[in-house]
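Chemist: File name final18.cif; file contents mmCIF, C-alpha atoms; full text below.
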data_coords
loop_
_atom_site.label_atom_id
_atom_site.label_comp_id
_atom_site.auth_asym_id
_atom_site.auth_seq_id
_atom_site.Cartn_x
_atom_site.Cartn_y
_atom_site.Cartn_z
CA MET A 209 37.65 -5.88 27.47
CA ALA A 210 34.41 -7.48 26.30
CA HIS A 211 31.93 -5.07 24.76
CA GLU A 212 28.63 -5.26 26.61
CA SER A 213 25.42 -5.23 24.59
CA PRO A 214 22.89 -2.53 25.48
CA THR A 215 20.17 -3.47 27.95
CA ALA A 216 16.44 -3.49 27.11
CA LEU A 217 15.98 -0.04 28.68
CA GLU A 218 18.95 1.39 26.79
CA ARG A 219 17.65 -0.05 23.52
CA PHE A 220 14.21 1.43 24.22
CA ILE A 221 15.50 4.91 25.04
CA ASN A 222 18.06 4.95 22.22
CA GLY A 223 15.37 4.22 19.65
CA ILE A 224 13.28 7.24 20.56
CA LEU A 225 15.81 10.10 20.31
CA PRO A 226 19.55 9.33 20.67
CA GLU A 227 19.45 6.82 17.77
CA ASN A 228 16.24 8.05 16.16
CA PRO A 229 15.82 6.05 12.92
CA ILE A 230 15.06 9.12 10.81
CA TYR A 231 16.95 12.01 12.38
CA ARG A 232 20.07 10.13 13.55
CA GLN A 233 20.29 7.07 11.27
CA LEU A 234 18.56 8.42 8.12
CA LEU A 235 16.71 5.11 7.67
CA GLY A 236 13.13 4.73 6.42
CA LEU A 237 13.19 7.98 4.46
CA CYS A 238 10.82 6.66 1.77
CA PRO A 239 7.69 6.67 3.97
CA PHE A 240 9.05 9.78 5.75
CA LEU A 241 8.77 11.66 2.45
CA ALA A 242 5.92 9.82 0.75
CA VAL A 243 3.03 9.61 3.22
CA THR A 244 3.50 12.63 5.45
CA ASN A 245 1.35 15.24 3.72
CA ALA A 246 -1.18 14.74 6.53
CA MET A 247 -1.14 13.30 10.04
CA ALA A 248 -3.69 10.49 9.50
CA PRO A 249 -1.76 8.59 6.80
CA ALA A 250 1.55 9.29 8.57
CA MET A 251 0.31 7.79 11.84
CA THR A 252 -1.26 4.80 10.07
CA MET A 253 2.08 4.17 8.39
CA ALA A 254 3.86 4.54 11.75
CA ALA A 255 1.49 2.02 13.35
CA ALA A 256 1.89 -0.49 10.49
CA THR A 257 5.69 -0.11 10.50
CA GLY A 258 5.73 -0.41 14.30
CA PHE A 259 3.74 -3.64 14.19
CA VAL A 260 6.06 -5.15 11.57
CA LEU A 261 9.20 -3.96 13.37
CA ILE A 262 8.19 -5.31 16.78
CA ALA A 263 6.83 -8.62 15.41
CA ALA A 264 9.89 -9.21 13.18
CA ASN A 265 12.28 -8.34 16.01
CA VAL A 266 10.58 -10.76 18.42
CA MET A 267 10.40 -13.56 15.84
CA VAL A 268 14.02 -13.19 14.70
CA SER A 269 15.20 -13.04 18.31
CA ALA A 270 13.23 -16.22 19.13
CA ILE A 271 14.99 -18.16 16.35
CA ARG A 272 18.40 -16.44 16.60
CA GLY A 273 20.09 -19.63 17.82
CA LEU A 274 19.06 -21.45 14.64
CA LEU A 275 20.12 -18.79 12.13
CA LYS A 276 22.88 -19.67 9.68
CA PRO A 277 25.01 -16.60 8.90
CA HIS A 278 24.74 -16.93 5.10
CA LEU A 279 20.95 -17.44 5.19
CA ARG A 280 20.07 -14.87 7.82
CA ILE A 281 19.05 -12.09 5.40
CA LEU A 282 16.71 -14.52 3.65
CA VAL A 283 15.08 -15.40 6.98
CA PHE A 284 14.77 -11.70 7.92
CA THR A 285 13.14 -10.87 4.58
CA LEU A 286 10.75 -13.82 4.81
CA THR A 287 9.74 -12.82 8.33
CA ILE A 288 9.32 -9.12 7.48
CA ALA A 289 7.33 -9.89 4.31
CA THR A 290 4.92 -12.09 6.29
CA PHE A 291 4.16 -9.42 8.87
CA VAL A 292 3.87 -6.73 6.17
CA THR A 293 1.27 -8.87 4.38
CA ILE A 294 -0.67 -9.25 7.63
CA ALA A 295 -0.56 -5.47 8.22
CA ASP A 296 -1.71 -4.87 4.63
CA LYS A 297 -4.67 -7.29 5.00
CA VAL A 298 -5.71 -5.86 8.37
CA LEU A 299 -5.71 -2.32 6.95
CA ALA A 300 -7.68 -3.42 3.87
CA ALA A 301 -10.23 -5.11 6.14
CA TYR A 302 -10.66 -2.49 8.87
CA LEU A 303 -9.34 0.81 7.45
CA TYR A 304 -10.25 0.36 3.79
CA ASP A 305 -10.14 4.02 2.76
CA MET A 306 -6.79 4.57 4.47
CA SER A 307 -5.45 1.38 2.91
CA LYS A 308 -6.39 2.75 -0.51
CA GLN A 309 -4.87 6.13 0.30
CA LEU A 310 -1.56 4.54 1.32
CA GLY A 311 -1.65 2.26 -1.73
CA PRO A 312 1.67 0.55 -2.45
CA TYR A 313 3.46 2.20 0.47
CA ILE A 314 2.22 -0.45 2.93
CA PRO A 315 3.70 -3.38 0.91
CA LEU A 316 6.81 -1.23 0.50
CA ILE A 317 7.43 -1.48 4.26
CA ILE A 318 9.27 -4.67 3.25
CA CYS A 319 11.99 -2.43 1.76
CA ASN A 320 12.26 -0.26 4.89
CA CYS A 321 15.94 -0.54 5.88
CA LEU A 322 15.06 0.30 9.47
CA ILE A 323 13.36 -3.07 10.03
CA ILE A 324 16.03 -5.27 8.48
CA SER A 325 18.77 -3.27 10.23
CA ARG A 326 17.14 -3.82 13.64
CA CYS A 327 16.88 -7.56 12.89
CA GLU A 328 20.59 -7.58 12.04
CA ILE A 329 21.90 -5.25 14.77
CA CYS A 330 19.71 -6.25 17.70
CA ALA A 331 17.19 -9.07 17.25
CA SER A 332 19.59 -11.65 15.79
CA LYS A 333 22.02 -11.12 18.69
CA GLN A 334 19.96 -10.35 21.79
CA SER A 335 17.12 -11.80 23.88
CA ILE A 336 13.43 -11.50 23.04
CA LYS A 337 12.96 -8.95 25.84
CA VAL A 338 15.70 -6.67 24.48
CA ALA A 339 14.50 -7.14 20.88
CA PHE A 340 10.96 -6.22 21.91
CA ALA A 341 12.15 -3.11 23.78
CA ASP A 342 14.28 -2.16 20.76
CA GLY A 343 11.29 -2.60 18.44
CA VAL A 344 9.05 -0.45 20.64
CA GLY A 345 11.69 2.28 21.06
CA MET A 346 12.50 2.42 17.35
CA SER A 347 8.77 2.41 16.47
CA LEU A 348 8.17 5.34 18.80
CA GLY A 349 11.16 7.19 17.34
CA PHE A 350 9.90 6.53 13.82
CA ALA A 351 6.36 7.66 14.73
CA LEU A 352 7.74 10.80 16.36
CA ALA A 353 9.77 11.65 13.24
CA LEU A 354 6.78 11.05 10.94
CA ALA A 355 4.55 13.14 13.22
CA SER A 356 7.05 16.03 13.19
CA ILE A 357 7.20 16.35 9.40
CA ALA A 358 3.47 15.59 8.91
CA THR A 359 2.56 18.29 11.43
CA VAL A 360 4.56 20.95 9.58
CA ARG A 361 3.34 19.84 6.15
CA GLU A 362 -0.35 19.50 7.05
CA ILE A 363 -0.55 22.78 8.97
CA LEU A 364 1.31 24.82 6.35
CA GLY A 365 -0.10 22.95 3.36
CA SER A 366 -3.73 22.48 4.36
CA GLY A 367 -4.16 24.68 7.43
CA SER A 368 -5.29 21.69 9.45
CA TRP A 369 -3.98 18.98 11.80
CA PHE A 370 -5.51 15.50 11.75
CA GLY A 371 -8.14 17.04 9.46
CA VAL A 372 -9.17 19.64 12.08
CA GLU A 373 -8.96 23.17 10.70
CA LEU A 374 -6.41 25.27 12.60
CA LEU A 375 -5.77 28.10 10.17
CA SER A 376 -8.77 29.67 8.52
CA PRO A 377 -8.39 30.00 4.73
CA GLU A 378 -9.16 33.74 5.16
CA PHE A 379 -5.93 34.24 7.14
CA TRP A 380 -3.78 31.46 5.75
CA PRO A 381 -3.42 30.86 2.02
CA ALA A 382 -2.47 27.16 2.24
CA TRP A 383 0.98 26.53 0.77
CA GLY A 384 0.13 23.89 -1.80
CA ILE A 385 3.79 22.98 -2.26
CA MET A 386 3.88 21.60 1.30
CA VAL A 387 1.55 18.70 0.47
CA LEU A 388 3.45 17.96 -2.75
CA PRO A 389 6.74 15.99 -3.00
CA PRO A 390 8.99 19.12 -3.13
CA GLY A 391 7.44 20.23 0.18
CA ALA A 392 8.48 16.92 1.74
CA PHE A 393 12.12 17.47 0.70
CA LEU A 394 12.12 21.09 1.87
CA VAL A 395 10.69 20.26 5.30
CA MET A 396 12.96 17.23 5.65
CA GLY A 397 16.02 19.39 4.96
CA VAL A 398 15.00 22.00 7.51
CA LEU A 399 14.10 19.43 10.19
CA LEU A 400 17.29 17.39 9.66
CA GLY A 401 19.31 20.64 9.85
CA ALA A 402 17.54 21.61 13.08
CA ALA A 403 18.15 18.14 14.60
CA GLU A 404 21.83 18.28 13.62
CA TRP A 405 22.23 21.82 15.00
CA TYR A 406 20.61 20.79 18.29
CA GLY A 407 22.78 17.65 18.51
CA ASN A 408 25.98 19.63 17.87
CA ARG A 409 25.00 22.26 20.44
CA LYS A 410 24.47 19.56 23.07
CA LYS A 411 27.80 17.95 22.20
CA ALA A 412 29.60 21.30 22.44
CA ALA A 413 27.98 22.04 25.82
CA ALA A 414 29.00 18.59 27.11
CA ALA A 415 32.59 19.10 25.82
CA ALA A 416 32.79 22.53 27.49
CA GLN A 417 31.59 21.06 30.79
CA THR A 418 34.20 18.27 30.61
CA SER A 419 37.07 20.72 29.89
CA GLU A 420 35.98 22.99 32.75
CA ALA A 421 35.98 20.01 35.13
CA MET B 256 35.19 -35.07 16.43
CA GLU B 257 32.05 -33.06 15.75
CA GLU B 258 30.41 -33.91 12.45
CA LYS B 259 29.03 -31.07 10.44
CA ALA B 260 26.28 -31.31 7.81
CA PRO B 261 27.91 -31.13 4.38
CA LYS B 262 27.59 -27.70 2.79
CA THR B 263 26.08 -29.25 -0.29
CA SER B 264 23.12 -30.69 1.66
CA PHE B 265 20.17 -28.59 0.63
CA ILE B 266 17.94 -29.67 3.51
CA GLY B 267 20.78 -29.36 6.02
CA GLN B 268 21.36 -25.76 4.99
CA ALA B 269 17.83 -24.58 4.31
CA TRP B 270 15.64 -26.50 6.74
CA LEU B 271 14.89 -23.38 8.79
CA VAL B 272 13.94 -21.37 5.71
CA ILE B 273 11.67 -24.21 4.48
CA LEU B 274 10.06 -24.61 7.91
CA LEU B 275 9.50 -20.86 8.29
CA ALA B 276 8.08 -20.62 4.76
CA LEU B 277 5.56 -23.35 5.59
CA LEU B 278 4.74 -21.78 8.95
CA TYR B 279 4.33 -18.27 7.55
CA GLY B 280 2.39 -19.57 4.55
CA GLY B 281 -0.04 -21.33 6.87
CA GLY B 282 -0.37 -18.21 8.99
CA LEU B 283 -1.05 -16.02 5.96
CA ALA B 284 -3.64 -18.51 4.68
CA GLY B 285 -5.37 -18.21 8.06
CA VAL B 286 -5.29 -14.40 7.89
CA GLN B 287 -6.71 -14.51 4.36
CA LEU B 288 -9.48 -16.89 5.48
CA ALA B 289 -10.36 -14.62 8.38
CA LEU B 290 -10.12 -11.23 6.62
CA GLY B 291 -10.81 -12.13 2.98
CA PRO B 292 -14.63 -11.92 3.22
CA ARG B 293 -14.44 -8.54 4.95
CA ILE B 294 -12.04 -7.15 2.30
CA ALA B 295 -14.32 -8.49 -0.47
CA GLU B 296 -17.29 -6.83 1.23
CA ASN B 297 -15.41 -3.49 1.37
CA LYS B 298 -14.69 -3.74 -2.38
CA ARG B 299 -18.31 -4.67 -3.09
CA ASN B 300 -19.56 -1.65 -1.12
CA GLU B 301 -17.15 0.60 -3.01
CA THR B 302 -18.36 -0.84 -6.32
CA TYR B 303 -22.00 -0.13 -5.36
CA ALA B 304 -21.10 3.44 -4.40
CA LEU B 305 -19.37 3.93 -7.77
CA ILE B 306 -22.16 2.56 -9.98
CA PRO B 307 -23.71 6.00 -10.72
CA GLU B 308 -20.23 7.17 -11.76
CA MET B 309 -19.55 4.11 -13.94
CA VAL B 310 -22.94 4.23 -15.66
CA PRO B 311 -24.25 7.82 -15.62
CA GLY B 312 -27.85 8.07 -14.50
CA ALA B 313 -27.87 4.73 -12.65
CA ALA B 314 -29.25 4.56 -9.13
CA THR B 315 -27.23 2.55 -6.58
CA GLU B 316 -30.30 1.24 -4.77
CA LYS B 317 -31.77 -0.16 -8.00
CA THR B 318 -28.62 -2.13 -8.88
CA VAL B 319 -29.11 -5.84 -9.46
CA GLU B 320 -26.23 -8.20 -8.79
CA LEU B 321 -26.05 -11.15 -11.20
CA GLU B 322 -23.80 -14.09 -11.83
CA ILE B 323 -23.38 -15.07 -15.46
CA VAL B 324 -21.29 -17.64 -17.29
CA GLY B 325 -18.57 -15.87 -19.27
CA ALA B 326 -17.20 -16.87 -22.67
CA ASP B 327 -14.37 -18.67 -20.83
CA GLY B 328 -16.93 -20.91 -19.11
CA LYS B 329 -16.30 -19.42 -15.66
CA ASN B 330 -18.86 -17.64 -13.49
CA VAL B 331 -18.60 -13.83 -13.55
CA ARG B 332 -20.29 -11.46 -11.13
CA VAL B 333 -21.78 -8.39 -12.83
CA TYR B 334 -23.95 -5.49 -11.75
CA LYS B 335 -26.96 -4.41 -13.78
CA ALA B 336 -27.14 -0.62 -13.60
CA VAL B 337 -30.72 0.64 -13.55
CA SER B 338 -32.06 4.19 -13.37
CA ALA B 339 -34.44 5.42 -10.68
CA ASP B 340 -37.34 4.90 -13.12
CA ASP B 341 -36.31 1.26 -13.76
CA GLN B 342 -34.62 1.79 -17.12
CA HIS B 343 -31.74 -0.54 -17.84
CA LEU B 344 -28.80 1.80 -18.52
CA GLY B 345 -25.79 -0.47 -18.50
CA TRP B 346 -23.57 -2.94 -16.74
CA VAL B 347 -20.71 -2.75 -14.29
CA ILE B 348 -18.18 -5.57 -14.65
CA PRO B 349 -15.51 -6.23 -12.00
CA ALA B 350 -12.30 -7.57 -13.58
CA SER B 351 -8.66 -8.06 -12.73
CA GLY B 352 -5.36 -8.91 -14.38
CA GLY B 353 -1.60 -8.77 -13.95
CA GLY B 354 0.04 -5.34 -13.70
CA PHE B 355 3.69 -4.30 -13.50
CA ALA B 356 4.04 -5.07 -9.79
CA ASP B 357 0.93 -6.97 -8.73
CA ARG B 358 -2.65 -7.67 -9.76
CA ILE B 359 -4.78 -4.71 -10.80
CA GLU B 360 -8.48 -4.83 -9.94
CA CYS B 361 -10.86 -2.67 -11.94
CA ILE B 362 -14.55 -2.09 -12.41
CA ILE B 363 -15.73 -1.32 -15.92
CA GLY B 364 -18.95 0.48 -16.80
CA VAL B 365 -20.54 -0.20 -20.18
CA ASP B 366 -23.87 0.72 -21.76
CA ALA B 367 -26.79 -1.74 -21.91
CA THR B 368 -25.73 -3.23 -25.24
CA LEU B 369 -22.04 -3.35 -24.33
CA SER B 370 -21.19 -1.04 -27.20
CA VAL B 371 -19.53 1.85 -25.36
CA ILE B 372 -17.32 2.07 -22.27
CA THR B 373 -18.99 4.50 -19.90
CA GLY B 374 -16.41 4.44 -17.11
CA VAL B 375 -13.42 2.61 -15.66
CA TYR B 376 -12.19 2.72 -12.06
CA VAL B 377 -9.17 1.03 -10.46
CA LEU B 378 -10.24 -0.62 -7.20
CA ASP B 379 -6.86 -1.98 -6.17
CA GLN B 380 -3.30 -1.73 -7.49
CA LYS B 381 0.28 -1.81 -6.25
CA GLU B 382 1.98 -0.14 -9.24
CA THR B 383 5.11 2.01 -8.96
CA PRO B 384 4.40 5.19 -6.97
CA GLY B 385 4.54 8.28 -9.15
CA LEU B 386 4.51 6.31 -12.42
CA GLY B 387 2.33 3.21 -12.70
CA ASP B 388 -0.02 4.31 -9.94
CA LEU B 389 -1.15 7.16 -12.20
CA ILE B 390 -3.53 4.58 -13.72
CA THR B 391 -5.86 5.51 -10.87
CA THR B 392 -6.09 9.15 -11.97
CA ALA B 393 -9.05 10.58 -13.86
CA ASP B 394 -6.58 11.93 -16.41
CA PHE B 395 -5.73 8.37 -17.52
CA LEU B 396 -9.10 6.67 -16.94
CA ASP B 397 -10.93 9.35 -18.92
CA ARG B 398 -8.88 8.26 -21.96
CA LEU B 399 -10.83 4.98 -21.93
CA LYS B 400 -14.23 6.54 -21.37
CA GLY B 401 -16.49 6.78 -24.42
CA LYS B 402 -14.50 4.25 -26.46
CA ALA B 403 -16.51 1.82 -28.58
CA THR B 404 -16.14 -1.86 -27.76
CA ASP B 405 -16.26 -3.20 -31.34
CA LEU B 406 -12.44 -3.07 -31.48
CA PRO B 407 -10.13 -3.85 -28.54
CA LEU B 408 -8.34 -0.91 -26.96
CA THR B 409 -4.77 -0.43 -28.17
CA VAL B 410 -2.16 1.47 -26.19
CA VAL B 411 -0.01 3.89 -28.19
CA LYS B 412 2.93 5.93 -26.91
CA ARG B 413 2.13 9.08 -28.92
CA ASN B 414 -0.44 10.63 -31.26
CA PRO B 415 -3.51 8.44 -30.77
CA GLN B 416 -5.13 8.34 -34.24
CA ALA B 417 -7.59 5.44 -34.37
CA ALA B 418 -10.82 5.51 -32.36
CA ASN B 419 -9.64 2.64 -30.15
CA ASP B 420 -6.16 4.10 -29.47
CA VAL B 421 -5.39 4.95 -25.86
CA LEU B 422 -2.44 7.22 -25.07
CA SER B 423 -0.08 5.46 -22.66
CA LEU B 424 1.14 7.05 -19.43
CA THR B 425 4.72 8.32 -19.73
CA GLY B 426 7.05 5.89 -17.98
CA ALA B 427 4.24 3.44 -17.25
CA THR B 428 3.49 1.69 -20.52
CA ILE B 429 3.18 -1.74 -18.89
CA SER B 430 0.62 -0.47 -16.36
CA SER B 431 -1.32 1.33 -19.12
CA VAL B 432 -1.36 -1.81 -21.27
CA ALA B 433 -2.40 -3.90 -18.25
CA VAL B 434 -5.49 -1.74 -17.63
CA CYS B 435 -6.48 -1.82 -21.31
CA ASP B 436 -5.98 -5.61 -21.41
CA ILE B 437 -8.19 -6.02 -18.34
CA VAL B 438 -10.91 -3.96 -20.03
CA ASN B 439 -10.54 -5.82 -23.36
CA ASN B 440 -10.64 -9.25 -21.73
CA ALA B 441 -13.59 -8.40 -19.48
CA ILE B 442 -15.64 -7.11 -22.41
CA ALA B 443 -14.72 -10.06 -24.65
CA ASN B 444 -15.67 -12.45 -21.85
CA THR B 445 -19.04 -10.93 -21.01
CA GLN B 446 -20.24 -9.26 -24.23
CA ALA B 447 -22.20 -12.23 -25.66
CA PRO B 448 -23.94 -13.41 -22.46
CA LEU B 449 -24.81 -9.86 -21.36
CA ARG B 450 -26.18 -8.88 -24.78
CA GLN B 451 -28.26 -12.04 -24.71
CA LEU B 452 -29.52 -11.16 -21.25
CA ALA B 453 -30.32 -7.58 -22.28
CA SER B 454 -32.28 -8.68 -25.36
CA ALA B 455 -34.18 -11.28 -23.33
CA ASP B 456 -35.05 -8.55 -20.81
CA ALA B 457 -36.20 -6.24 -23.62
CA ALA B 458 -38.41 -8.99 -25.06
CA THR B 459 -40.10 -9.65 -21.70
CA PRO B 460 -43.21 -7.46 -21.34
CA LYS B 461 -43.05 -5.21 -18.27
CA GLN B 462 -45.69 -5.75 -15.60
CA ASP B 463 -47.29 -2.61 -14.18
#
Render the structure in this file as structure tokens.

Modeler:
Amino acid sequence: MAHESPTALERFINGILPENPIYRQLLGLCPFLAVTNAMAPAMTMAAATGFVLIAANVMVSAIRGLLKPHLRILVFTLTIATFVTIADKVLAAYLYDMSKQLGPYIPLIICNCLIISRCEICASKQSIKVAFADGVGMSLGFALALASIATVREILGSGSWFGVELLSPEFWPAWGIMVLPPGAFLVMGVLLGAAEWYGNRKKAAAAAQTSEA
Amino acid sequence: MEEKAPKTSFIGQAWLVILLALLYGGGLAGVQLALGPRIAENKRNETYALIPEMVPGAATEKTVELEIVGADGKNVRVYKAVSADDQHLGWVIPASGGGFADRIECIIGVDATLSVITGVYVLDQKETPGLGDLITTADFLDRLKGKATDLPLTVVKRNPQAANDVLSLTGATISSVAVCDIVNNAIANTQAPLRQLASADAATPKQD
């Protein structure tokens, strides 16, 4: 029986939670750890990655009929690098301070396995519409994952969220470790554990329902 | 029978890559043309804001932007740092050079006679996170501050002895050397014309 490719809607939904790039696929962990000590840089990174992911997916899908198997990775890399450079220039022009704060992490989007994997798995095989939906879904999933860790780290580490003070320093002695690299690993471990526990619980519930039926 | 392009044909195999490279290159040139002036303006504004830090006592609003001809024969943009009471305190020289990963852009503050480095700041860099990017920290940049310019800065890995020795960052020797080279080259390129300019200024009687 021929295996049917997922539809645009399925690709979109899968990207957000069921195949979340961070929590389910463990892809793009470098920015997940590196720029999530506060919400503002995390969301800027999510937006830049989203732009590159969607644009690269659409472009690769548009030329998929012309791709030669042994040169496809080269074409993906060329395409991704172009859109990353555009994102880098736009940030330097319109969000200069944020661009400086993110430093080399914006050019490093080129190395984000999430983008090249979506080009390989979806964009090089499916229509522009499906590739676009996949890009949007994965971008939302990535942004959601970055927001989850940045929320925990910024609130516990600085007592604020998006720079707005939530916990007064009188009541909350900010946990400095949370905004430092070890804090990123600690929170990542806890959040990945929680996501895995929740996933297993859902699977067990579904299995129990099937056996009862 | 269907004829296939021979595998050895470079154009037959790579035409798409070549076409895309040209297309993307053109697109990026367009983006650079459109956004380049705005990015340059952002860097210029940052430089102006940092002038009091690069040359202590200087007032941003009194800064004079000049274009001089460097020792290499090329035009160089420099900033004359002046105090609130119109005293010439020093110069701020923008300069750049190759780093470990990409170009490093710096601004260098020197006194009026270009004898002492009064401050260095890294405007833009893409060095390795956690290692090379430590060149932006005050801990490293302060190692260059106060150094005399009569001898070029030399990066050493341990025990800086000589007055012009700069202790390298652990695990980022290339980035450390790159910053010192940028400073050395910028000073060598502008020292003579700026000293000439400063002495000409000093010789001109001030009008009240």

Chemist: Expand the PyMOL selection byres ((chain B) within 6 of (chain A)) into the explicit residue set it covers here, and present it as a VMD selection string.

Modeler: chain B and resid 293 to 294 381

Chemist: Do a neighbour search on range 313-326 of chain B at 7 Å with all atoms listed in the file, toss out local chain neighbours closer than 4 positions, and write the hits as a PyMOL selection string.

Modeler: chain B and resi 303-304+306-307+330-339+344+444-445+448

Chemist: Using CA of Leu369 in chain B and CA of Leu452 in chain B as the two end points, give the distance in Å to one decimal.

Modeler: 11.2 Å

Chemist: Interatomic distance between CA of Asn265 in chain A and CA of Ala331 in chain A?

Modeler: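 CA of Asn265 in chain A sits 5.1 Å away from CA of Ala331 in chain A.
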
Chemist: Quick one: which residues end up in the PyMOL selection byres ((chain A and resi 400) around 12) for this structure, as a PDB file with C-alpha atoms, in the coordinates of the input?

Modeler:
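Dumped to selection32.pdb:
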ATOM      1  CA  ASN A 228      16.240   8.050  16.160  1.00  0.00           C
ATOM      2  CA  PRO A 229      15.820   6.050  12.920  1.00  0.00           C
ATOM      3  CA  ILE A 230      15.060   9.120  10.810  1.00  0.00           C
ATOM      4  CA  TYR A 231      16.950  12.010  12.380  1.00  0.00           C
ATOM      5  CA  ARG A 232      20.070  10.130  13.550  1.00  0.00           C
ATOM      6  CA  GLN A 233      20.290   7.070  11.270  1.00  0.00           C
ATOM      7  CA  LEU A 234      18.560   8.420   8.120  1.00  0.00           C
ATOM      8  CA  LEU A 237      13.190   7.980   4.460  1.00  0.00           C
ATOM      9  CA  PHE A 240       9.050   9.780   5.750  1.00  0.00           C
ATOM     10  CA  ALA A 353       9.770  11.650  13.240  1.00  0.00           C
ATOM     11  CA  SER A 356       7.050  16.030  13.190  1.00  0.00           C
ATOM     12  CA  ILE A 357       7.200  16.350   9.400  1.00  0.00           C
ATOM     13  CA  ALA A 392       8.480  16.920   1.740  1.00  0.00           C
ATOM     14  CA  PHE A 393      12.120  17.470   0.700  1.00  0.00           C
ATOM     15  CA  LEU A 394      12.120  21.090   1.870  1.00  0.00           C
ATOM     16  CA  VAL A 395      10.690  20.260   5.300  1.00  0.00           C
ATOM     17  CA  MET A 396      12.960  17.230   5.650  1.00  0.00           C
ATOM     18  CA  GLY A 397      16.020  19.390   4.960  1.00  0.00           C
ATOM     19  CA  VAL A 398      15.000  22.000   7.510  1.00  0.00           C
ATOM     20  CA  LEU A 399      14.100  19.430  10.190  1.00  0.00           C
ATOM     21  CA  GLY A 401      19.310  20.640   9.850  1.00  0.00           C
ATOM     22  CA  ALA A 402      17.540  21.610  13.080  1.00  0.00           C
ATOM     23  CA  ALA A 403      18.150  18.140  14.600  1.00  0.00           C
ATOM     24  CA  GLU A 404      21.830  18.280  13.620  1.00  0.00           C
ATOM     25  CA  TRP A 405      22.230  21.820  15.000  1.00  0.00           C
ATOM     26  CA  TYR A 406      20.610  20.790  18.290  1.00  0.00           C
ATOM     27  CA  GLY A 407      22.780  17.650  18.510  1.00  0.00           C
TER      28      GLY A 407
END

Chemist: On this structure, the PyMOL selection byres ((chain B and resi 373) around 9) would catch which residues? List them as a ChimeraX atom specification, sorted by chain and number.

Modeler: /B:308-311,345,363-366,371-372,374-375,399-402

Chemist: What's the separation between CA of Gly349 in chain A and CA of Ala264 in chain A, in Å to one decimal place?

Modeler: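 So the answer is 17.0 Å.
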
Chemist: Taking 5 positions as the minimum chain separation for residues in the same chain, which residues sit within 6 Å of Ser430 in chain B when counting all atoms listed in the file? Answer as a list in words.

Modeler: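 Within the cut-off, the hits are Gly354, Phe355 and Gly387 of chain B.
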
Chemist: Give me, as a list of chain:residue names, all polymer residues having an atom no more than 12 Å from Val372 in chain A, counting all atoms listed in the file and skipping those fewer than 6 positions away in the same chain.

Modeler: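 Returned residues: A:Ala246, A:Met247, A:Ala248, A:Thr359, A:Glu362, A:Ile363, A:Ser366.
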
Chemist: Could you give me the centre and size, in Å to one decimal, of an axis-aligned box around all listed atoms of range 267-278 of chain A with 5 Å added on every side, as lines of an AutoDock Vina configuration file?

Modeler:
center_x = 17.7
center_y = -17.2
center_z = 12.1
size_x = 24.6
size_y = 18.4
size_z = 24.0

Chemist: Have a look at A:Ala295, A:Cys330, A:Val268, A:Leu241 and name the one nearest to Ala355 in chain A; count all atoms listed in the file.

Modeler: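 Between A:Ala295, A:Cys330, A:Val268, A:Leu241, the residue approaching Ala355 in chain A most closely is A:Leu241.
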
Chemist: Could you check which of B:Ala443, B:Leu378, B:Ala453, B:Ile359 is closest to Ser431 in chain B, using only C-alpha atoms?

Modeler: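 Selected residue with least distance to Ser431 in chain B: B:Ile359.
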
Chemist: Which residue, A:Met346, A:Ile336, A:Asn245, A:Gly273, has the smallest gap to Pro390 in chain A when you use only C-alpha atoms?

Modeler: A:Asn245

Chemist: Find the residue from B:Ala367, B:Leu278, B:Ile266, B:Leu424 that sits nearest to Thr391 in chain B; use all atoms listed in the file when measuring.

Modeler: B:Leu424

Chemist: Point out the residue among B:Gln416, B:Gln342, B:Gln380, B:Ser351 with the least atom-to-atom distance to Ala441 in chain B, counting all atoms listed in the file.

Modeler: B:Ser351

Chemist: Would you list the contacts of Cys361 in chain B as a ChimeraX atom specification, taking every protein, DNA or RNA residue within 12 Å and counting all atoms listed in the file, but skipping same-chain residues closer than 5 positions in sequence?

Modeler: /B:298-299,301-302,305,309,347-354,374-380,390-391,396,433-441

Chemist: Set the distance at 9 Å and use all atoms listed in the file: which residues neighbour Ala256 in chain A once local chain neighbours fewer than 3 positions away are removed? I'd like the list as a ChimeraX atom specification.

Modeler: /A:251-253,259-261,292,295-296,299,314,317

Chemist: Can you fill out range 294-299 of chain A with N, CA and C atoms and hand it back as a JSON list (two decimals), in the frame of the given file?

Modeler:
[["chain", "number", "residue", "atom", "x", "y", "z"],
["A", 294, "ILE", "N", 0.40, -9.26, 6.61],
["A", 294, "ILE", "CA", -0.67, -9.25, 7.63],
["A", 294, "ILE", "C", -1.14, -7.81, 7.86],
["A", 295, "ALA", "N", -0.19, -6.88, 8.00],
["A", 295, "ALA", "CA", -0.56, -5.47, 8.22],
["A", 295, "ALA", "C", -1.39, -4.95, 7.05],
["A", 296, "ASP", "N", -1.00, -5.31, 5.83],
["A", 296, "ASP", "CA", -1.71, -4.87, 4.63],
["A", 296, "ASP", "C", -3.15, -5.39, 4.63],
["A", 297, "LYS", "N", -3.32, -6.68, 4.99],
["A", 297, "LYS", "CA", -4.67, -7.29, 5.00],
["A", 297, "LYS", "C", -5.54, -6.67, 6.09],
["A", 298, "VAL", "N", -4.93, -6.44, 7.26],
["A", 298, "VAL", "CA", -5.71, -5.86, 8.37],
["A", 298, "VAL", "C", -6.20, -4.46, 7.99],
["A", 299, "LEU", "N", -5.31, -3.68, 7.37],
["A", 299, "LEU", "CA", -5.71, -2.32, 6.95],
["A", 299, "LEU", "C", -6.82, -2.39, 5.90]]
